[in-house]
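Undergrad: Take this structure first; my questions come after.
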Amino acid sequence: MQSDMTKRWEIAGIIATLLIVLSIPLYLLRTNLAARQATGFEMDRDASHFVGREKCISCHKAEYDKWKGSHHDLAMDTATPETVLGNFNNVVFEHRGIRSRFYRKDERFFVYTEGPDGRMGHFEIQYTFGAYPLQQYLVPFPGGRLQCLSIAWDVKKKKWYHLYPDRHIPPGDWLHWTRGGQNWNGMCAECHSTGLEKRYDPEADTFDTTWSEIDVSCEACHGPASMHVAWAKMPDMARPDVDNYALTVKTAGIGARKLVELCAPCHSRRASLSDYTHTEDDLLDSMLPSLLTPELYFADGQILDEVYVYGSFTQSKMYHRDVRCSDCHDVHSAKIVLEGNALCLQCHRAGEYDTRAHHFHKHSGEKGEPIRSEDGEILFEVGTGAQCVTCHMPGRLYMGIDYRPDHSLRIPRPDLSQQIHAPNACNRCHEDKTPAWADEAITKWYGPGRRQHYGRILQAGRAFSTDARQGLIQLAADHLYPVIVRATALDLLKAYPGKDTRRVMTLALSDDEALIRRTALTNISLSDVKAMAEQIAPLLYDPVKAVRHEAARRLAENPSEQLNTAQVKVFNAALEAYEASMRYSGDFAFGRHNLGNLYVAQNRMDKAIASYQMAIDIDGLFYPAKVNLAMLYNQQGKNDEAERLLREVVDAYPDMHDVAYSLGLLLAERAHYEAAAQYLGQAAAAMPQRARIHYNLGLLFQILKKNASAEAALLKAVELEPENLDFLYAAADHYIKRGMIARARQMAELMITRHPENEMGHRLKRSLKDLR
């Protein structure tokens with residue numbers, strides 16, 4: 001009896017507890033709903049607008065104090081006696097015969113220098129740009145443009161200097177300070193101000209650029225904050241429970257990759273798809289990161305040109321171990337959180353890594369000789385080699401004096417310097433030594449073993465090596481490698497057509513990574529319109545904007561009759577969005593070039609020609625527009641213009657072997673056979689894996705009656721693509737015309753063996769039956 005009573009009380013207690021536990025969230029839910037209804041507060045990220053940092057300070061004073069005076073704070077400002085650091089006391093700076101004079105009129109700042117027409121003129125400085133290690137200056141021009149002077153102020157040495165000291169940059173050059181390469185609106189603005197709207201009009205070629213704040217302020221990272229401010233102004237008990245405190249961008253409680261991608265829209269080399277709205281779900285909804293291309297990176301992925309960290313950091317082991325920007329940098333001051341090796345010793349054991357036994361260099365304070373230049377200047381003090389960053393983050397100078405470390409955080413590899421001509425940290429200090437010397441030291445200290453590195457494969461692909469195909473295929477398909485490396489391998493594979501390449505491209509279309517899908521879309525080669533629709537149309541529904549855009553662009557190259565009604569609707573919307581994105585980038589040559597390609601696909605030839613010509617006007621050295629315009633002129637029978645454009649490119653870029661190939665084909669079409677053979681031969685030698693080049697060269701040698709060369713070229717094409725019927729038939733035809741019937745029969749047998757269903761080989765064999 002007692003036991004039953006106890007059991008009943010236990011059950012009653014459990015029920016009562018459950019009622020209490022359940023009632024709390026129900027109460028909170030009702031309270032939160034009541035608060036929302038009473039205040040009318042509903043979170044809508046798209047409705048939030050910029051309010052300025054003054055709204056943030058009262059609650060976030062500590063964060064504001066860290067930010068004040070930071071590089072972000074000083075990213076841009078109005079030119080005043082307080083913000084201008086350069087010497088404008090009637091100082092003259094001479095560069096390549098041009099004497100520029102910097103002077104003041106009361107509180108205003110001016111420069112007398114070469115203008116857009118090559119004549120000297122007076123220009124008023126309206127804004128400062130940056131504060132350390134250099135400061136640049138912005139000048140207003142017609143059409144809403146702000147142009148950045150190529151003469152900058154060295155803050156440390158307190159002197160003027162030229163950003164391109166060894167180059168003559170004439171007024172018509174894209175890099176001249178009055179042209180597109182130094183245009184603030186498109187080149188710089190989005191990452192030096194907050195709430196930036198470019199507002200470029202491609203028809204008028206003008207800007208109406210605006211910002212919410214002139215520098216990189218709170219909302220540049222947290223997004224437009226009006227909803228958050230409205231929520232924060234409510235009494236504590238009246239605030240509804242909303243996600244992320246009604247902030248547009250979530251910056252806390254997120255994974256390492258998400259946090260890195262908050263910084264990437266500015267700290268990356270990229271092409272922007274539109275203004276950054278802070279509501280994008282994926283990085284490729286707002287931008288397209290650059291791959292490891294030869295003009296930007298060394299073959300092993302080390303930084304070459306100005307690439308702004310993201311592309312190098314995502315190659316690092318640190319990134320793949322979930323290290324994030326904020327582990328090393330204070331997010332508000334942007335300074336590193338600890339000095340020297342202490343920064344790395346947050347994770348790495350001091351007893352193992354901060355020792356002579358690990359780095360084999362003297363610490364600061366130990367006796368020794370610094371490394372000096374030939375004229376005695378100290379380059380590296382004693383102790384420099386014991387610093388983690390010296391060996392693992394060697395950097396480069398940009399803009400003449402701005403040293404930026406490589407964030408791929410790699411192990412020094414002087415062996416790769418010898419093999420693929422990539423730099424290494426050892427020889428950055430020991431300039432008087434060779435990579436072989438450095439490699440011997442590494443072997444002595446750490447042993448002879450070296451891990452395989454993707455740099456060798458990428459270098460082979462860049463060099464069009466015939467044995468690079470398999471390595472690139474394996475690299476592109478291996479998910480253990482960094483995404484940017486895999487995407488680069490996919491991009492290089494376009495020079496290696498074939499079944500294996502098509503297979504890996506097809507698989508890449510369904511990869512988890514948007515950059516892989518987009519790169520595969522760009523480079524996949526499909527046999528017919530139906531296959532293109534089947535493979536590409538599903539990506540019109542991709543969740544990521546850059547992928548949808550590329551799918552629409554590829555489908556625009558062929559008629560869309562293969563799409564069903566639902567797909568056509570999605571295709572039209574995606575293509576319209578793609579065109580809008582390219583119009584947004586119409587101030588760049590690549591934007592106009594891509595519009596030209598789109599108009600060619602749509603058979604709008606007049607608009608295509610105008611777009612290509614505008615791309616050339618923007619940047620006379622932008623060769624893709626010249627090449628495509630030449631192809632279009634060729635289709636229209638304007639071969640004089642086509643040849644002129646192709647020759648301009650070949651002369652300016654001797655290593656552009658694809659263009660030499662195109663020029664050779666055009667010259668052959670014009671019956672200039674000797675000249676055509678010269679350019680086709682150049683292309684075949686430089687790109688030996690391209691079977692069709694050898695095939696065309698073989699046909700050309702036949703015309704020139706160079707029979708041995710013709711045979712060698714045709715057989716090379718067959719060797720590279722043994723399944724290709726055109727190549728097999730061309731070789732057989734060559735032998736028939738030379739009276740080499742036995743060899744022709746061998747080719748016929750190969751055609752039958754490799755394509756038994758195709759009647760061509762059988763007919764050829766029958767025709768050769770009675771010949772000797």
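Simple scheme: letters A, B, ... for chains in structure tokens order, numbers from 1 for residues in each chain, numbers from 1 for ligands in the order shown.
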Using DSSP secondary structure from the backbone, list all helix (DSSP H, G or I) positions within segment 209-301 of chain A, as a VMD selection string.
TA: chain A and resid 218 to 222 226 to 232 236 to 238 243 to 246 256 to 263 283 to 285
Undergrad: Selection from above, N, CA and C atoms, as a PDB file, in the first residue's frame, can you write it?
TA:
```pdb
ATOM      1  N   CYS A 218      31.643  49.962 -39.112  1.00  0.00           N
ATOM      2  CA  CYS A 218      30.992  48.811 -38.478  1.00  0.00           C
ATOM      3  C   CYS A 218      30.153  47.994 -39.460  1.00  0.00           C
ATOM      4  N   GLU A 219      29.347  48.692 -40.255  1.00  0.00           N
ATOM      5  CA  GLU A 219      28.389  48.006 -41.118  1.00  0.00           C
ATOM      6  C   GLU A 219      29.038  47.391 -42.361  1.00  0.00           C
ATOM      7  N   ALA A 220      30.324  47.684 -42.597  1.00  0.00           N
ATOM      8  CA  ALA A 220      31.023  47.029 -43.692  1.00  0.00           C
ATOM      9  C   ALA A 220      31.131  45.525 -43.447  1.00  0.00           C
ATOM     10  N   CYS A 221      31.173  45.141 -42.168  1.00  0.00           N
ATOM     11  CA  CYS A 221      31.249  43.720 -41.805  1.00  0.00           C
ATOM     12  C   CYS A 221      29.934  43.193 -41.239  1.00  0.00           C
ATOM     13  N   HIS A 222      29.255  43.985 -40.442  1.00  0.00           N
ATOM     14  CA  HIS A 222      28.027  43.527 -39.790  1.00  0.00           C
ATOM     15  C   HIS A 222      26.784  43.729 -40.648  1.00  0.00           C
ATOM     16  N   SER A 226      19.994  49.030 -39.348  1.00  0.00           N
ATOM     17  CA  SER A 226      18.822  49.763 -38.861  1.00  0.00           C
ATOM     18  C   SER A 226      17.896  48.873 -38.022  1.00  0.00           C
ATOM     19  N   MET A 227      17.711  47.621 -38.408  1.00  0.00           N
ATOM     20  CA  MET A 227      16.850  46.709 -37.655  1.00  0.00           C
ATOM     21  C   MET A 227      17.443  46.432 -36.276  1.00  0.00           C
ATOM     22  N   HIS A 228      18.739  46.263 -36.234  1.00  0.00           N
ATOM     23  CA  HIS A 228      19.411  46.010 -34.956  1.00  0.00           C
ATOM     24  C   HIS A 228      19.287  47.219 -34.029  1.00  0.00           C
ATOM     25  N   VAL A 229      19.474  48.406 -34.575  1.00  0.00           N
ATOM     26  CA  VAL A 229      19.374  49.616 -33.754  1.00  0.00           C
ATOM     27  C   VAL A 229      17.953  49.788 -33.222  1.00  0.00           C
ATOM     28  N   ALA A 230      16.964  49.536 -34.072  1.00  0.00           N
ATOM     29  CA  ALA A 230      15.567  49.627 -33.624  1.00  0.00           C
ATOM     30  C   ALA A 230      15.293  48.621 -32.515  1.00  0.00           C
ATOM     31  N   TRP A 231      15.831  47.424 -32.646  1.00  0.00           N
ATOM     32  CA  TRP A 231      15.657  46.394 -31.615  1.00  0.00           C
ATOM     33  C   TRP A 231      16.361  46.797 -30.325  1.00  0.00           C
ATOM     34  N   ALA A 232      17.592  47.329 -30.438  1.00  0.00           N
ATOM     35  CA  ALA A 232      18.372  47.685 -29.254  1.00  0.00           C
ATOM     36  C   ALA A 232      17.765  48.855 -28.492  1.00  0.00           C
ATOM     37  N   ASP A 236      14.641  46.524 -22.287  1.00  0.00           N
ATOM     38  CA  ASP A 236      15.153  45.159 -22.219  1.00  0.00           C
ATOM     39  C   ASP A 236      14.045  44.122 -22.253  1.00  0.00           C
ATOM     40  N   MET A 237      13.016  44.302 -21.468  1.00  0.00           N
ATOM     41  CA  MET A 237      11.958  43.301 -21.359  1.00  0.00           C
ATOM     42  C   MET A 237      11.026  43.310 -22.571  1.00  0.00           C
ATOM     43  N   ALA A 238      11.115  44.373 -23.365  1.00  0.00           N
ATOM     44  CA  ALA A 238      10.217  44.476 -24.525  1.00  0.00           C
ATOM     45  C   ALA A 238      10.843  43.937 -25.806  1.00  0.00           C
ATOM     46  N   ASP A 243      16.618  36.456 -34.266  1.00  0.00           N
ATOM     47  CA  ASP A 243      17.884  35.837 -34.636  1.00  0.00           C
ATOM     48  C   ASP A 243      18.981  36.887 -34.765  1.00  0.00           C
ATOM     49  N   ASN A 244      20.144  36.600 -34.184  1.00  0.00           N
ATOM     50  CA  ASN A 244      21.350  37.421 -34.349  1.00  0.00           C
ATOM     51  C   ASN A 244      21.138  38.863 -33.916  1.00  0.00           C
ATOM     52  N   TYR A 245      20.258  39.066 -32.941  1.00  0.00           N
ATOM     53  CA  TYR A 245      20.002  40.420 -32.413  1.00  0.00           C
ATOM     54  C   TYR A 245      19.567  41.388 -33.511  1.00  0.00           C
ATOM     55  N   ALA A 246      18.935  40.853 -34.540  1.00  0.00           N
ATOM     56  CA  ALA A 246      18.433  41.633 -35.677  1.00  0.00           C
ATOM     57  C   ALA A 246      19.549  42.246 -36.522  1.00  0.00           C
ATOM     58  N   ALA A 256      34.602  28.315 -38.982  1.00  0.00           N
ATOM     59  CA  ALA A 256      35.793  29.006 -39.468  1.00  0.00           C
ATOM     60  C   ALA A 256      35.641  29.434 -40.924  1.00  0.00           C
ATOM     61  N   ARG A 257      35.111  28.546 -41.756  1.00  0.00           N
ATOM     62  CA  ARG A 257      34.980  28.889 -43.174  1.00  0.00           C
ATOM     63  C   ARG A 257      34.068  30.087 -43.360  1.00  0.00           C
ATOM     64  N   LYS A 258      32.938  30.108 -42.651  1.00  0.00           N
ATOM     65  CA  LYS A 258      32.008  31.235 -42.772  1.00  0.00           C
ATOM     66  C   LYS A 258      32.672  32.535 -42.365  1.00  0.00           C
ATOM     67  N   LEU A 259      33.466  32.481 -41.285  1.00  0.00           N
ATOM     68  CA  LEU A 259      34.104  33.718 -40.836  1.00  0.00           C
ATOM     69  C   LEU A 259      35.141  34.191 -41.853  1.00  0.00           C
ATOM     70  N   VAL A 260      35.925  33.263 -42.392  1.00  0.00           N
ATOM     71  CA  VAL A 260      36.902  33.643 -43.417  1.00  0.00           C
ATOM     72  C   VAL A 260      36.193  34.276 -44.612  1.00  0.00           C
ATOM     73  N   GLU A 261      35.043  33.732 -44.962  1.00  0.00           N
ATOM     74  CA  GLU A 261      34.317  34.249 -46.118  1.00  0.00           C
ATOM     75  C   GLU A 261      33.647  35.594 -45.841  1.00  0.00           C
ATOM     76  N   LEU A 262      33.556  35.998 -44.573  1.00  0.00           N
ATOM     77  CA  LEU A 262      33.117  37.359 -44.274  1.00  0.00           C
ATOM     78  C   LEU A 262      34.180  38.369 -44.709  1.00  0.00           C
ATOM     79  N   CYS A 263      35.444  37.958 -44.621  1.00  0.00           N
ATOM     80  CA  CYS A 263      36.545  38.853 -44.995  1.00  0.00           C
ATOM     81  C   CYS A 263      36.850  38.784 -46.487  1.00  0.00           C
ATOM     82  N   LEU A 283      29.519  32.742 -50.914  1.00  0.00           N
ATOM     83  CA  LEU A 283      30.523  33.696 -51.368  1.00  0.00           C
ATOM     84  C   LEU A 283      30.385  33.988 -52.853  1.00  0.00           C
ATOM     85  N   LEU A 284      30.055  32.952 -53.644  1.00  0.00           N
ATOM     86  CA  LEU A 284      29.942  33.116 -55.092  1.00  0.00           C
ATOM     87  C   LEU A 284      28.592  33.689 -55.516  1.00  0.00           C
ATOM     88  N   ASP A 285      27.809  34.164 -54.562  1.00  0.00           N
ATOM     89  CA  ASP A 285      26.622  34.951 -54.891  1.00  0.00           C
ATOM     90  C   ASP A 285      26.986  36.405 -55.160  1.00  0.00           C
TER      91      ASP A 285
END
```
Undergrad: As a ChimeraX atom specification, please: the residues near Arg167 of chain A (cut-off 12 Å, only C-alpha atoms, same-chain neighbours under 3 positions excluded).
TA: /A:95-96,150,162-164,170,173,175-176
Undergrad: Go ahead and write the selection's residues with N, CA and C atoms as a compact mmCIF listing (two decimals), in the first residue's frame.
TA:
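Produced file result33.txt, reproduced below:
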```txt
# COMPACT_ATOMS: atom_id res chain seq x y z
N HIS A 95 59.52 62.21 -62.60
CA HIS A 95 59.53 60.81 -63.02
C HIS A 95 59.50 60.75 -64.53
N ARG A 96 60.56 60.18 -65.13
CA ARG A 96 60.68 60.01 -66.58
C ARG A 96 60.40 61.32 -67.33
N SER A 150 49.25 58.02 -59.59
CA SER A 150 50.28 56.98 -59.54
C SER A 150 51.49 57.43 -58.72
N HIS A 162 56.95 56.94 -57.21
CA HIS A 162 56.04 56.49 -58.27
C HIS A 162 55.77 55.00 -58.11
N LEU A 163 54.51 54.60 -58.29
CA LEU A 163 54.12 53.20 -58.12
C LEU A 163 54.76 52.30 -59.18
N TYR A 164 55.10 52.86 -60.33
CA TYR A 164 55.69 52.08 -61.43
C TYR A 164 57.00 52.74 -61.85
N PRO A 170 52.19 55.71 -70.88
CA PRO A 170 51.65 56.86 -71.63
C PRO A 170 50.19 57.11 -71.28
N ASP A 173 47.43 54.43 -71.90
CA ASP A 173 47.58 53.12 -71.26
C ASP A 173 46.55 52.94 -70.16
N LEU A 175 46.88 51.63 -67.41
CA LEU A 175 47.47 51.88 -66.09
C LEU A 175 47.77 53.36 -65.83
N HIS A 176 47.62 54.21 -66.82
CA HIS A 176 47.85 55.64 -66.59
C HIS A 176 46.87 56.12 -65.52
```
Undergrad: Report as JSON lines: every residue of segment 223-335 of chain A with an atom at most 7 Å from segment 404-416 of chain A, its closest pair of atoms, and their distance in Å to one decimal, counting only C-alpha atoms, with rows sorted by chain and ascending residue number.
TA:
```
{"residue": "A:Gln302", "atom": "CA", "partner": "A:Asp406", "partner_atom": "CA", "distance": 6.8}
{"residue": "A:Ile303", "atom": "CA", "partner": "A:Asp406", "partner_atom": "CA", "distance": 6.2}
{"residue": "A:Val309", "atom": "CA", "partner": "A:His407", "partner_atom": "CA", "distance": 5.9}
{"residue": "A:Ser312", "atom": "CA", "partner": "A:Ser408", "partner_atom": "CA", "distance": 4.6}
{"residue": "A:Phe313", "atom": "CA", "partner": "A:Ser408", "partner_atom": "CA", "distance": 4.6}
{"residue": "A:Gln315", "atom": "CA", "partner": "A:Ser408", "partner_atom": "CA", "distance": 5.6}
{"residue": "A:Ser316", "atom": "CA", "partner": "A:Ser408", "partner_atom": "CA", "distance": 4.5}
```
